[in-house]
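K.L.:
As input, take protein.cif (mmCIF, C-alpha atoms):
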```cif
data_query
#
loop_
_atom_site.label_atom_id
_atom_site.label_comp_id
_atom_site.auth_asym_id
_atom_site.auth_seq_id
_atom_site.Cartn_x
_atom_site.Cartn_y
_atom_site.Cartn_z
CA MET A 166 34.07 -6.76 19.82
CA LYS A 167 34.08 -3.37 18.15
CA ILE A 168 32.12 -3.07 14.93
CA GLU A 169 35.13 -1.33 13.36
CA ASP A 170 37.19 -4.47 13.93
CA ILE A 171 34.59 -6.62 12.18
CA LEU A 172 34.26 -4.23 9.24
CA SER A 173 38.04 -4.14 8.83
CA ILE A 174 38.12 -7.83 7.87
CA CYS A 175 35.05 -7.81 5.61
CA ASP A 176 35.37 -8.25 1.86
CA HIS A 177 32.34 -6.11 1.00
CA THR A 178 30.81 -8.22 -1.75
CA LEU A 179 28.57 -7.89 -4.79
CA LEU A 180 28.86 -10.70 -7.33
CA LEU A 181 25.32 -11.02 -8.65
CA GLN A 182 24.95 -11.52 -12.39
CA THR A 183 22.73 -8.44 -12.52
CA ALA A 184 25.26 -6.11 -10.84
CA THR A 185 25.65 -2.76 -12.62
CA TRP A 186 28.42 -0.20 -12.36
CA PRO A 187 26.27 2.23 -10.34
CA GLU A 188 25.69 -0.58 -7.81
CA ILE A 189 29.40 -1.43 -7.73
CA LYS A 190 30.20 2.27 -7.28
CA ASP A 191 27.83 2.40 -4.30
CA LEU A 192 29.58 -0.67 -2.88
CA CYS A 193 32.92 1.10 -3.24
CA ASP A 194 31.56 4.21 -1.55
CA ASP A 195 30.34 2.14 1.40
CA ALA A 196 33.68 0.30 1.60
CA MET A 197 35.58 3.59 1.74
CA LYS A 198 33.19 5.04 4.31
CA TYR A 199 33.25 2.03 6.63
CA HIS A 200 36.87 0.98 5.99
CA THR A 201 36.31 -2.62 4.92
CA ALA A 202 39.19 -4.90 3.94
CA SER A 203 38.21 -4.83 0.26
CA VAL A 204 35.41 -4.85 -2.24
CA CYS A 205 34.86 -8.24 -3.88
CA ILE A 206 33.40 -7.67 -7.33
CA PRO A 207 33.09 -9.24 -10.81
CA PRO A 208 36.19 -9.04 -13.03
CA CYS A 209 34.49 -6.75 -15.55
CA TYR A 210 34.36 -3.94 -12.97
CA VAL A 211 37.88 -4.26 -11.55
CA LYS A 212 39.46 -1.48 -13.62
CA GLN A 213 36.61 0.95 -13.00
CA ALA A 214 36.66 0.25 -9.26
CA ALA A 215 40.45 0.51 -9.03
CA ASP A 216 40.44 3.80 -10.94
CA TYR A 217 37.55 5.11 -8.85
CA MET A 218 38.96 4.27 -5.41
CA GLN A 219 42.60 5.14 -6.21
CA GLY A 220 44.04 2.69 -3.70
CA ARG A 221 41.86 3.69 -0.76
CA ILE A 222 40.34 0.20 -0.55
CA LYS A 223 41.70 -3.03 -2.02
CA VAL A 224 39.93 -4.54 -5.02
CA CYS A 225 39.25 -8.27 -4.86
CA THR A 226 37.83 -10.28 -7.75
CA VAL A 227 36.85 -13.86 -8.55
CA ILE A 228 38.43 -16.36 -10.93
CA GLY A 229 36.77 -19.45 -12.44
CA PHE A 230 33.59 -18.25 -10.78
CA PRO A 231 31.31 -19.80 -9.65
CA ASN A 232 31.74 -23.40 -10.89
CA GLY A 233 35.53 -23.68 -11.03
CA ASN A 234 35.61 -26.12 -13.94
CA CYS A 235 37.04 -23.99 -16.72
CA SER A 236 40.57 -24.84 -17.84
CA THR A 237 43.61 -23.94 -15.79
CA ALA A 238 44.92 -21.84 -18.68
CA THR A 239 41.69 -19.84 -18.62
CA LYS A 240 41.96 -19.25 -14.88
CA VAL A 241 45.59 -18.16 -15.21
CA PHE A 242 44.65 -15.73 -18.00
CA GLU A 243 41.75 -14.38 -15.91
CA THR A 244 44.12 -13.86 -12.99
CA LYS A 245 46.74 -12.00 -15.02
CA ASP A 246 44.06 -9.87 -16.67
CA ALA A 247 42.49 -8.98 -13.31
CA ILE A 248 45.83 -7.96 -11.82
CA GLU A 249 46.70 -5.86 -14.88
CA ASN A 250 43.35 -4.12 -14.41
CA GLY A 251 44.15 -3.27 -10.79
CA ALA A 252 43.02 -6.22 -8.66
CA ASP A 253 44.82 -6.53 -5.34
CA GLU A 254 43.36 -9.89 -4.30
CA ILE A 255 42.20 -12.97 -6.20
CA ASP A 256 39.54 -15.45 -5.02
CA MET A 257 39.72 -18.57 -7.23
CA VAL A 258 37.34 -21.55 -7.34
CA ILE A 259 38.88 -25.01 -7.38
CA ASN A 260 37.87 -27.73 -9.84
CA VAL A 261 35.59 -29.72 -7.53
CA GLY A 262 35.31 -32.55 -10.05
CA TRP A 263 39.06 -33.12 -9.93
CA LEU A 264 38.91 -33.24 -6.13
CA LYS A 265 36.01 -35.73 -6.20
CA ALA A 266 38.01 -37.92 -8.60
CA LYS A 267 41.02 -37.74 -6.27
CA GLN A 268 43.10 -35.98 -8.94
CA TYR A 269 44.90 -34.10 -6.23
CA ASP A 270 47.96 -33.38 -8.35
CA LEU A 271 45.81 -31.43 -10.83
CA VAL A 272 44.11 -29.45 -8.07
CA LEU A 273 47.45 -28.59 -6.49
CA ASP A 274 49.15 -27.71 -9.76
CA GLU A 275 46.30 -25.38 -10.75
CA ILE A 276 46.46 -23.48 -7.47
CA LYS A 277 50.24 -23.20 -7.79
CA GLN A 278 49.95 -21.81 -11.32
CA ILE A 279 47.41 -19.22 -10.24
CA LYS A 280 49.52 -18.28 -7.21
CA GLN A 281 52.48 -17.78 -9.55
CA ALA A 282 50.30 -15.56 -11.77
CA CYS A 283 49.32 -13.57 -8.67
CA GLY A 284 52.89 -12.74 -7.78
CA TYR A 285 52.81 -10.82 -4.48
CA HIS A 286 49.03 -10.39 -4.62
CA VAL A 287 46.83 -12.28 -2.17
CA LEU A 288 45.27 -15.56 -3.37
CA LYS A 289 42.23 -17.07 -1.66
CA VAL A 290 41.15 -20.59 -2.64
CA ILE A 291 37.39 -21.27 -2.66
CA ILE A 292 36.71 -24.96 -2.05
CA GLU A 293 32.86 -24.87 -1.95
CA THR A 294 32.47 -26.74 1.33
CA CYS A 295 28.77 -27.50 0.86
CA LEU A 296 29.68 -29.92 -1.96
CA LEU A 297 32.44 -31.73 -0.07
CA THR A 298 32.78 -34.54 2.44
CA GLU A 299 34.74 -33.96 5.62
CA GLU A 300 37.58 -36.03 4.17
CA GLU A 301 37.65 -33.81 1.06
CA LYS A 302 37.65 -30.64 3.18
CA ILE A 303 40.63 -31.91 5.17
CA LYS A 304 42.41 -32.87 1.96
CA MET A 305 41.88 -29.36 0.61
CA CYS A 306 43.34 -27.90 3.80
CA GLU A 307 46.47 -29.95 3.05
CA ILE A 308 46.55 -28.99 -0.64
CA VAL A 309 46.04 -25.27 0.00
CA THR A 310 48.77 -25.37 2.64
CA GLU A 311 51.17 -27.04 0.18
CA SER A 312 50.24 -24.69 -2.67
CA GLY A 313 51.50 -21.50 -1.06
CA ALA A 314 48.10 -19.78 -1.34
CA ASP A 315 47.28 -17.21 1.31
CA TYR A 316 43.75 -18.21 2.30
CA ILE A 317 41.35 -21.11 2.21
CA LYS A 318 37.78 -19.90 1.65
CA THR A 319 34.55 -21.77 2.28
CA SER A 320 32.13 -20.81 -0.45
CA THR A 321 31.15 -18.88 -3.55
CA GLY A 322 27.71 -18.05 -2.17
CA PHE A 323 26.26 -19.43 -5.41
CA SER A 324 25.92 -23.12 -4.46
CA THR A 325 23.68 -24.97 -2.01
CA ALA A 326 25.00 -23.38 1.21
CA GLY A 327 27.59 -21.00 2.61
CA ALA A 328 29.98 -20.94 5.52
CA THR A 329 29.29 -22.93 8.69
CA PHE A 330 30.89 -22.70 12.11
CA ASP A 331 31.90 -26.36 11.90
CA ASP A 332 33.79 -25.79 8.64
CA ILE A 333 35.78 -22.88 10.06
CA ALA A 334 36.68 -24.94 13.12
CA LEU A 335 37.75 -27.78 10.81
CA PHE A 336 39.92 -25.44 8.72
CA ALA A 337 41.56 -24.02 11.83
CA LYS A 338 42.49 -27.53 12.93
CA HIS A 339 43.93 -28.70 9.61
CA VAL A 340 45.49 -25.80 7.67
CA GLY A 341 49.15 -24.90 8.01
CA PRO A 342 50.29 -21.94 10.11
CA ASP A 343 50.75 -19.68 7.09
CA VAL A 344 47.22 -20.20 5.70
CA LYS A 345 44.48 -17.83 6.74
CA ILE A 346 40.75 -18.56 6.68
CA LYS A 347 37.90 -16.75 4.92
CA ALA A 348 34.27 -17.49 5.73
CA ALA A 349 31.84 -16.51 3.00
CA GLY A 350 28.17 -17.00 2.26
CA GLY A 351 25.29 -16.72 4.69
CA ILE A 352 26.90 -14.41 7.26
CA SER A 353 23.72 -12.68 8.30
CA SER A 354 24.42 -10.96 11.63
CA ILE A 355 27.04 -9.30 13.79
CA GLU A 356 26.83 -12.32 16.09
CA ASP A 357 27.61 -14.65 13.17
CA ALA A 358 30.61 -12.54 12.22
CA GLU A 359 31.97 -12.55 15.78
CA LYS A 360 31.57 -16.33 16.04
CA PHE A 361 33.38 -16.95 12.74
CA MET A 362 36.22 -14.72 13.93
CA GLU A 363 36.44 -16.50 17.28
CA LEU A 364 36.70 -19.85 15.47
CA GLY A 365 39.61 -18.68 13.33
CA ALA A 366 38.34 -16.69 10.34
CA SER A 367 40.46 -13.61 9.61
CA ARG A 368 38.40 -12.53 6.59
CA LEU A 369 34.64 -12.49 6.00
CA GLY A 370 32.94 -12.38 2.61
CA THR A 371 29.66 -10.55 3.06
CA SER A 372 27.65 -7.47 2.20
CA ARG A 373 25.27 -7.76 5.12
CA ILE A 374 27.52 -6.38 7.85
CA VAL A 375 27.76 -3.00 6.15
CA LYS A 376 24.01 -3.07 5.51
CA ILE A 377 23.37 -3.75 9.21
CA VAL A 378 25.63 -0.87 10.24
CA LYS A 379 23.97 1.48 7.74
CA SER A 380 20.51 0.59 9.05
CA LYS A 381 21.33 1.58 12.64
#
```
For this file, produce the structure as structure tokens.

P.N.:
Amino acid sequence: MKIEDILSICDHTLLLQTATWPEIKDLCDDAMKYHTASVCIPPCYVKQAADYMQGRIKVCTVIGFPNGNCSTATKVFETKDAIENGADEIDMVINVGWLKAKQYDLVLDEIKQIKQACGYHVLKVIIETCLLTEEEKIKMCEIVTESGADYIKTSTGFSTAGATFDDIALFAKHVGPDVKIKAAGGISSIEDAEKFMELGASRLGTSRIVKIVKSK
């Protein structure tokens, strides 16, 4: 597999609490140089990044991040604000507590509201697989499919673990035909990236692939 093909589906990511604008700017520079799918950055830097890159690379940001348990109204406001500031793609975190309590109607309604706020912009739904049972993961495949969201995504990268090969294979088996898959968290090598893609991931959330390419 060509490295250009892998880079083209990477959301080049920096979401650390300590991230500064100069670091985000460097991330944008790398994304433009290596032609990644997007930069995935904190909401506070969306406008600066969008203004800086002038449409050369898509800007992705995170909503309800990383715990997912703020109110739906807050998430909807965050989404609208991010899009007004220039975000092209939205990665939202579900309310895991609602899922655990089997309040599936609330989980579904929240995703639908955020998708409506996104309009034509891409919505990825982070389900935080490391906190879920297999039954809950399958249920989220069904909910995301019903919601009209564009992607199901494994992880925030801020919990107990990231993407696994088994989870991507599970997603591929259970999501609807219109739902794409994003693997995020712990993608540490070119070989990992290739394996995730082979299993069905069409987007990767990582900063390491660019770092590996730069080090060669």

K.L.:
Where does range 275-335 of chain A meet range 340-349 of chain A within 8 Å, residue by residue, with the nearest atom pair and distance in Å to one decimal for each, counting only C-alpha atoms, listed by chain and rising number, as a tab-separated table?

P.N.:
```
residue	atom	partner	partner_atom	distance
A:Lys289	CA	A:Lys347	CA	7.9
A:Cys306	CA	A:Val340	CA	4.9
A:Glu307	CA	A:Val340	CA	6.3
A:Val309	CA	A:Val340	CA	7.7
A:Thr310	CA	A:Gly341	CA	5.4
A:Ala314	CA	A:Val344	CA	7.1
A:Asp315	CA	A:Val344	CA	5.3
A:Tyr316	CA	A:Lys345	CA	4.5
A:Ile317	CA	A:Ile346	CA	5.2
A:Lys318	CA	A:Lys347	CA	4.5
A:Thr319	CA	A:Ala348	CA	5.5
A:Ser320	CA	A:Ala349	CA	5.5
A:Thr321	CA	A:Ala349	CA	7.0
A:Gly322	CA	A:Ala349	CA	6.8
A:Gly327	CA	A:Ala349	CA	6.2
A:Ala328	CA	A:Ala349	CA	5.4
A:Thr329	CA	A:Ala348	CA	7.9
A:Ile333	CA	A:Ala348	CA	7.1
```

K.L.:
What's the separation between CA of His177 in chain A and CA of Ala214 in chain A, in Å to one decimal place?

P.N.:
12.8 Å

K.L.:
Can you work out which one of A:Glu363, A:Glu311, A:Phe230, A:Ala196 has the shortest atom-to-atom distance to Ser173 in chain A, counting only C-alpha atoms?

P.N.:
A:Ala196

K.L.:
Mind giving me the straight-line distance from CA of Asp170 in chain A to CA of Asp216 in chain A in Å, one decimal?

P.N.:
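About the pair CA of Asp170 in chain A and CA of Asp216 in chain A: they are 26.4 Å apart.
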
K.L.:
State, in Å with one decimal place, the distance from CA of Lys245 in chain A to CA of Cys295 in chain A.

P.N.:
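According to the coordinates, CA of Lys245 in chain A and CA of Cys295 in chain A are separated by 28.6 Å.
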
K.L.:
Using only the atoms of range 209-217 of chain A listed in the file, plus 8 Å on each side, state the axis-aligned box centre and edge lengths in Å rounded to one decimal, as AutoDock Vina command-line options.

P.N.:
```
--center_x 37.4 --center_y -0.8 --center_z -12.2 --size_x 22.1 --size_y 27.9 --size_z 22.7
```

K.L.:
Selection in question (the file shown): the PyMOL selection byres ((chain A and resi 168) around 12). Which residues does it include, as a ChimeraX atom specification?

P.N.:
/A:166-167,169-175,199-201,354-356,358-359,374-375,377-379,381

K.L.:
Considering only C-alpha atoms, state which residue in the set A:Ala266, A:Val272, A:Ala326, A:Cys225 is at the smallest distance from Glu254 in chain A.

P.N.:
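Ranking A:Ala266, A:Val272, A:Ala326, A:Cys225 by distance to Glu254 in chain A, first place goes to A:Cys225.
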
K.L.:
Between A:Ile248, A:Ser312, A:Pro207, A:Ala202, which one has atoms that come closest to Ala184 in chain A, using only C-alpha atoms?

P.N.:
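Closest candidate: A:Pro207.
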
K.L.:
Here's the selection I'm unsure about, the PyMOL selection byres ((chain A and resi 211) around 12); applied to the file above, which residues does it give, as a PDB file with C-alpha atoms, in the coordinates of the input?

P.N.:
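New file part25.pdb:
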```
ATOM      1  CA  LEU A 180      28.860 -10.700  -7.330  1.00  0.00           C
ATOM      2  CA  TRP A 186      28.420  -0.200 -12.360  1.00  0.00           C
ATOM      3  CA  ILE A 189      29.400  -1.430  -7.730  1.00  0.00           C
ATOM      4  CA  LYS A 190      30.200   2.270  -7.280  1.00  0.00           C
ATOM      5  CA  CYS A 193      32.920   1.100  -3.240  1.00  0.00           C
ATOM      6  CA  SER A 203      38.210  -4.830   0.260  1.00  0.00           C
ATOM      7  CA  VAL A 204      35.410  -4.850  -2.240  1.00  0.00           C
ATOM      8  CA  CYS A 205      34.860  -8.240  -3.880  1.00  0.00           C
ATOM      9  CA  ILE A 206      33.400  -7.670  -7.330  1.00  0.00           C
ATOM     10  CA  PRO A 207      33.090  -9.240 -10.810  1.00  0.00           C
ATOM     11  CA  PRO A 208      36.190  -9.040 -13.030  1.00  0.00           C
ATOM     12  CA  CYS A 209      34.490  -6.750 -15.550  1.00  0.00           C
ATOM     13  CA  TYR A 210      34.360  -3.940 -12.970  1.00  0.00           C
ATOM     14  CA  LYS A 212      39.460  -1.480 -13.620  1.00  0.00           C
ATOM     15  CA  GLN A 213      36.610   0.950 -13.000  1.00  0.00           C
ATOM     16  CA  ALA A 214      36.660   0.250  -9.260  1.00  0.00           C
ATOM     17  CA  ALA A 215      40.450   0.510  -9.030  1.00  0.00           C
ATOM     18  CA  ASP A 216      40.440   3.800 -10.940  1.00  0.00           C
ATOM     19  CA  TYR A 217      37.550   5.110  -8.850  1.00  0.00           C
ATOM     20  CA  MET A 218      38.960   4.270  -5.410  1.00  0.00           C
ATOM     21  CA  GLN A 219      42.600   5.140  -6.210  1.00  0.00           C
ATOM     22  CA  LYS A 223      41.700  -3.030  -2.020  1.00  0.00           C
ATOM     23  CA  VAL A 224      39.930  -4.540  -5.020  1.00  0.00           C
ATOM     24  CA  CYS A 225      39.250  -8.270  -4.860  1.00  0.00           C
ATOM     25  CA  THR A 226      37.830 -10.280  -7.750  1.00  0.00           C
ATOM     26  CA  VAL A 227      36.850 -13.860  -8.550  1.00  0.00           C
ATOM     27  CA  GLU A 243      41.750 -14.380 -15.910  1.00  0.00           C
ATOM     28  CA  THR A 244      44.120 -13.860 -12.990  1.00  0.00           C
ATOM     29  CA  ASP A 246      44.060  -9.870 -16.670  1.00  0.00           C
ATOM     30  CA  ALA A 247      42.490  -8.980 -13.310  1.00  0.00           C
ATOM     31  CA  ILE A 248      45.830  -7.960 -11.820  1.00  0.00           C
ATOM     32  CA  GLU A 249      46.700  -5.860 -14.880  1.00  0.00           C
ATOM     33  CA  ASN A 250      43.350  -4.120 -14.410  1.00  0.00           C
ATOM     34  CA  GLY A 251      44.150  -3.270 -10.790  1.00  0.00           C
ATOM     35  CA  ALA A 252      43.020  -6.220  -8.660  1.00  0.00           C
ATOM     36  CA  ASP A 253      44.820  -6.530  -5.340  1.00  0.00           C
ATOM     37  CA  GLU A 254      43.360  -9.890  -4.300  1.00  0.00           C
ATOM     38  CA  ILE A 255      42.200 -12.970  -6.200  1.00  0.00           C
TER      39      ILE A 255
END
```

K.L.:
Which one of A:Thr325, A:Asp195, A:Ile279, A:Leu264 sits closest to Pro231 in chain A if you count all atoms listed in the file?

P.N.:
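Selected residue with least distance to Pro231 in chain A: A:Thr325.
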
K.L.:
Taking all atoms listed in the file into account, which of A:Asp331, A:Gly233, A:Asp274, A:His339 comes nearest Glu293 in chain A?

P.N.:
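Closest residue, counting all atoms listed in the file: A:Gly233.
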
K.L.:
Between A:Phe323, A:Phe242, A:Asp332, A:Val258, which one has atoms that come closest to Ala282 in chain A, using all atoms listed in the file?

P.N.:
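With all atoms listed in the file as the atom set, the closest residue is A:Phe242.
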
K.L.:
Once N, CA and C atoms are restored for range 232-268 of chain A, what would the output be as a PDB file, in the coordinates of the input?

P.N.:
```pdb
ATOM      1  N   ASN A 232      31.687 -21.933 -10.841  1.00  0.00           N
ATOM      2  CA  ASN A 232      31.740 -23.400 -10.890  1.00  0.00           C
ATOM      3  C   ASN A 232      33.142 -23.983 -10.794  1.00  0.00           C
ATOM      4  N   GLY A 233      34.163 -23.229 -11.197  1.00  0.00           N
ATOM      5  CA  GLY A 233      35.530 -23.680 -11.030  1.00  0.00           C
ATOM      6  C   GLY A 233      36.032 -24.683 -12.046  1.00  0.00           C
ATOM      7  N   ASN A 234      35.209 -25.041 -13.035  1.00  0.00           N
ATOM      8  CA  ASN A 234      35.610 -26.120 -13.940  1.00  0.00           C
ATOM      9  C   ASN A 234      35.970 -25.652 -15.355  1.00  0.00           C
ATOM     10  N   CYS A 235      36.398 -24.402 -15.478  1.00  0.00           N
ATOM     11  CA  CYS A 235      37.040 -23.990 -16.720  1.00  0.00           C
ATOM     12  C   CYS A 235      38.490 -24.459 -16.696  1.00  0.00           C
ATOM     13  N   SER A 236      39.199 -24.323 -17.786  1.00  0.00           N
ATOM     14  CA  SER A 236      40.570 -24.840 -17.840  1.00  0.00           C
ATOM     15  C   SER A 236      41.499 -24.025 -16.966  1.00  0.00           C
ATOM     16  N   THR A 237      42.591 -24.647 -16.577  1.00  0.00           N
ATOM     17  CA  THR A 237      43.610 -23.940 -15.790  1.00  0.00           C
ATOM     18  C   THR A 237      44.159 -22.752 -16.563  1.00  0.00           C
ATOM     19  N   ALA A 238      44.393 -22.946 -17.862  1.00  0.00           N
ATOM     20  CA  ALA A 238      44.920 -21.840 -18.680  1.00  0.00           C
ATOM     21  C   ALA A 238      43.972 -20.650 -18.661  1.00  0.00           C
ATOM     22  N   THR A 239      42.679 -20.922 -18.685  1.00  0.00           N
ATOM     23  CA  THR A 239      41.690 -19.840 -18.620  1.00  0.00           C
ATOM     24  C   THR A 239      41.767 -19.112 -17.287  1.00  0.00           C
ATOM     25  N   LYS A 240      41.874 -19.861 -16.207  1.00  0.00           N
ATOM     26  CA  LYS A 240      41.960 -19.250 -14.880  1.00  0.00           C
ATOM     27  C   LYS A 240      43.235 -18.405 -14.744  1.00  0.00           C
ATOM     28  N   VAL A 241      44.334 -18.918 -15.273  1.00  0.00           N
ATOM     29  CA  VAL A 241      45.590 -18.160 -15.210  1.00  0.00           C
ATOM     30  C   VAL A 241      45.459 -16.863 -16.004  1.00  0.00           C
ATOM     31  N   PHE A 242      44.855 -16.934 -17.195  1.00  0.00           N
ATOM     32  CA  PHE A 242      44.650 -15.730 -18.000  1.00  0.00           C
ATOM     33  C   PHE A 242      43.750 -14.739 -17.252  1.00  0.00           C
ATOM     34  N   GLU A 243      42.655 -15.239 -16.677  1.00  0.00           N
ATOM     35  CA  GLU A 243      41.750 -14.380 -15.910  1.00  0.00           C
ATOM     36  C   GLU A 243      42.503 -13.667 -14.779  1.00  0.00           C
ATOM     37  N   THR A 244      43.357 -14.418 -14.112  1.00  0.00           N
ATOM     38  CA  THR A 244      44.120 -13.860 -12.990  1.00  0.00           C
ATOM     39  C   THR A 244      45.042 -12.747 -13.454  1.00  0.00           C
ATOM     40  N   LYS A 245      45.811 -13.016 -14.500  1.00  0.00           N
ATOM     41  CA  LYS A 245      46.740 -12.000 -15.020  1.00  0.00           C
ATOM     42  C   LYS A 245      45.979 -10.768 -15.495  1.00  0.00           C
ATOM     43  N   ASP A 246      44.869 -10.980 -16.169  1.00  0.00           N
ATOM     44  CA  ASP A 246      44.060  -9.870 -16.670  1.00  0.00           C
ATOM     45  C   ASP A 246      43.525  -9.024 -15.511  1.00  0.00           C
ATOM     46  N   ALA A 247      43.033  -9.694 -14.467  1.00  0.00           N
ATOM     47  CA  ALA A 247      42.490  -8.980 -13.310  1.00  0.00           C
ATOM     48  C   ALA A 247      43.556  -8.135 -12.632  1.00  0.00           C
ATOM     49  N   ILE A 248      44.747  -8.694 -12.473  1.00  0.00           N
ATOM     50  CA  ILE A 248      45.830  -7.960 -11.820  1.00  0.00           C
ATOM     51  C   ILE A 248      46.280  -6.777 -12.674  1.00  0.00           C
ATOM     52  N   GLU A 249      46.350  -6.980 -13.983  1.00  0.00           N
ATOM     53  CA  GLU A 249      46.700  -5.860 -14.880  1.00  0.00           C
ATOM     54  C   GLU A 249      45.669  -4.743 -14.787  1.00  0.00           C
ATOM     55  N   ASN A 250      44.418  -5.110 -14.517  1.00  0.00           N
ATOM     56  CA  ASN A 250      43.350  -4.120 -14.410  1.00  0.00           C
ATOM     57  C   ASN A 250      43.284  -3.449 -13.040  1.00  0.00           C
ATOM     58  N   GLY A 251      44.102  -3.930 -12.089  1.00  0.00           N
ATOM     59  CA  GLY A 251      44.150  -3.270 -10.790  1.00  0.00           C
ATOM     60  C   GLY A 251      43.700  -4.091  -9.603  1.00  0.00           C
ATOM     61  N   ALA A 252      43.430  -5.389  -9.793  1.00  0.00           N
ATOM     62  CA  ALA A 252      43.020  -6.220  -8.660  1.00  0.00           C
ATOM     63  C   ALA A 252      44.162  -6.399  -7.680  1.00  0.00           C
ATOM     64  N   ASP A 253      43.838  -6.315  -6.406  1.00  0.00           N
ATOM     65  CA  ASP A 253      44.820  -6.530  -5.340  1.00  0.00           C
ATOM     66  C   ASP A 253      44.756  -7.951  -4.797  1.00  0.00           C
ATOM     67  N   GLU A 254      43.568  -8.560  -4.864  1.00  0.00           N
ATOM     68  CA  GLU A 254      43.360  -9.890  -4.300  1.00  0.00           C
ATOM     69  C   GLU A 254      42.540 -10.735  -5.272  1.00  0.00           C
ATOM     70  N   ILE A 255      42.845 -12.033  -5.296  1.00  0.00           N
ATOM     71  CA  ILE A 255      42.200 -12.970  -6.200  1.00  0.00           C
ATOM     72  C   ILE A 255      41.543 -14.091  -5.388  1.00  0.00           C
ATOM     73  N   ASP A 256      40.255 -14.321  -5.628  1.00  0.00           N
ATOM     74  CA  ASP A 256      39.540 -15.450  -5.020  1.00  0.00           C
ATOM     75  C   ASP A 256      39.209 -16.450  -6.133  1.00  0.00           C
ATOM     76  N   MET A 257      39.908 -17.575  -6.171  1.00  0.00           N
ATOM     77  CA  MET A 257      39.720 -18.570  -7.230  1.00  0.00           C
ATOM     78  C   MET A 257      38.869 -19.738  -6.726  1.00  0.00           C
ATOM     79  N   VAL A 258      38.143 -20.363  -7.651  1.00  0.00           N
ATOM     80  CA  VAL A 258      37.340 -21.550  -7.340  1.00  0.00           C
ATOM     81  C   VAL A 258      38.086 -22.785  -7.828  1.00  0.00           C
ATOM     82  N   ILE A 259      38.212 -23.777  -6.961  1.00  0.00           N
ATOM     83  CA  ILE A 259      38.880 -25.010  -7.380  1.00  0.00           C
ATOM     84  C   ILE A 259      37.997 -25.806  -8.345  1.00  0.00           C
ATOM     85  N   ASN A 260      38.604 -26.768  -9.019  1.00  0.00           N
ATOM     86  CA  ASN A 260      37.870 -27.730  -9.840  1.00  0.00           C
ATOM     87  C   ASN A 260      37.395 -28.847  -8.906  1.00  0.00           C
ATOM     88  N   VAL A 261      36.142 -28.763  -8.495  1.00  0.00           N
ATOM     89  CA  VAL A 261      35.590 -29.720  -7.530  1.00  0.00           C
ATOM     90  C   VAL A 261      35.560 -31.137  -8.107  1.00  0.00           C
ATOM     91  N   GLY A 262      35.320 -31.239  -9.409  1.00  0.00           N
ATOM     92  CA  GLY A 262      35.310 -32.550 -10.050  1.00  0.00           C
ATOM     93  C   GLY A 262      36.640 -33.265  -9.928  1.00  0.00           C
ATOM     94  N   TRP A 263      37.732 -32.525 -10.101  1.00  0.00           N
ATOM     95  CA  TRP A 263      39.060 -33.120  -9.930  1.00  0.00           C
ATOM     96  C   TRP A 263      39.248 -33.614  -8.496  1.00  0.00           C
ATOM     97  N   LEU A 264      38.794 -32.826  -7.535  1.00  0.00           N
ATOM     98  CA  LEU A 264      38.910 -33.240  -6.130  1.00  0.00           C
ATOM     99  C   LEU A 264      38.104 -34.514  -5.881  1.00  0.00           C
ATOM    100  N   LYS A 265      36.868 -34.550  -6.376  1.00  0.00           N
ATOM    101  CA  LYS A 265      36.010 -35.730  -6.200  1.00  0.00           C
ATOM    102  C   LYS A 265      36.641 -36.974  -6.800  1.00  0.00           C
ATOM    103  N   ALA A 266      37.363 -36.796  -7.918  1.00  0.00           N
ATOM    104  CA  ALA A 266      38.010 -37.920  -8.600  1.00  0.00           C
ATOM    105  C   ALA A 266      39.385 -38.243  -8.018  1.00  0.00           C
ATOM    106  N   LYS A 267      39.739 -37.541  -6.932  1.00  0.00           N
ATOM    107  CA  LYS A 267      41.020 -37.740  -6.270  1.00  0.00           C
ATOM    108  C   LYS A 267      42.224 -37.396  -7.177  1.00  0.00           C
ATOM    109  N   GLN A 268      42.000 -36.460  -8.084  1.00  0.00           N
ATOM    110  CA  GLN A 268      43.100 -35.980  -8.940  1.00  0.00           C
ATOM    111  C   GLN A 268      43.791 -34.806  -8.241  1.00  0.00           C
TER     112      GLN A 268
END
```
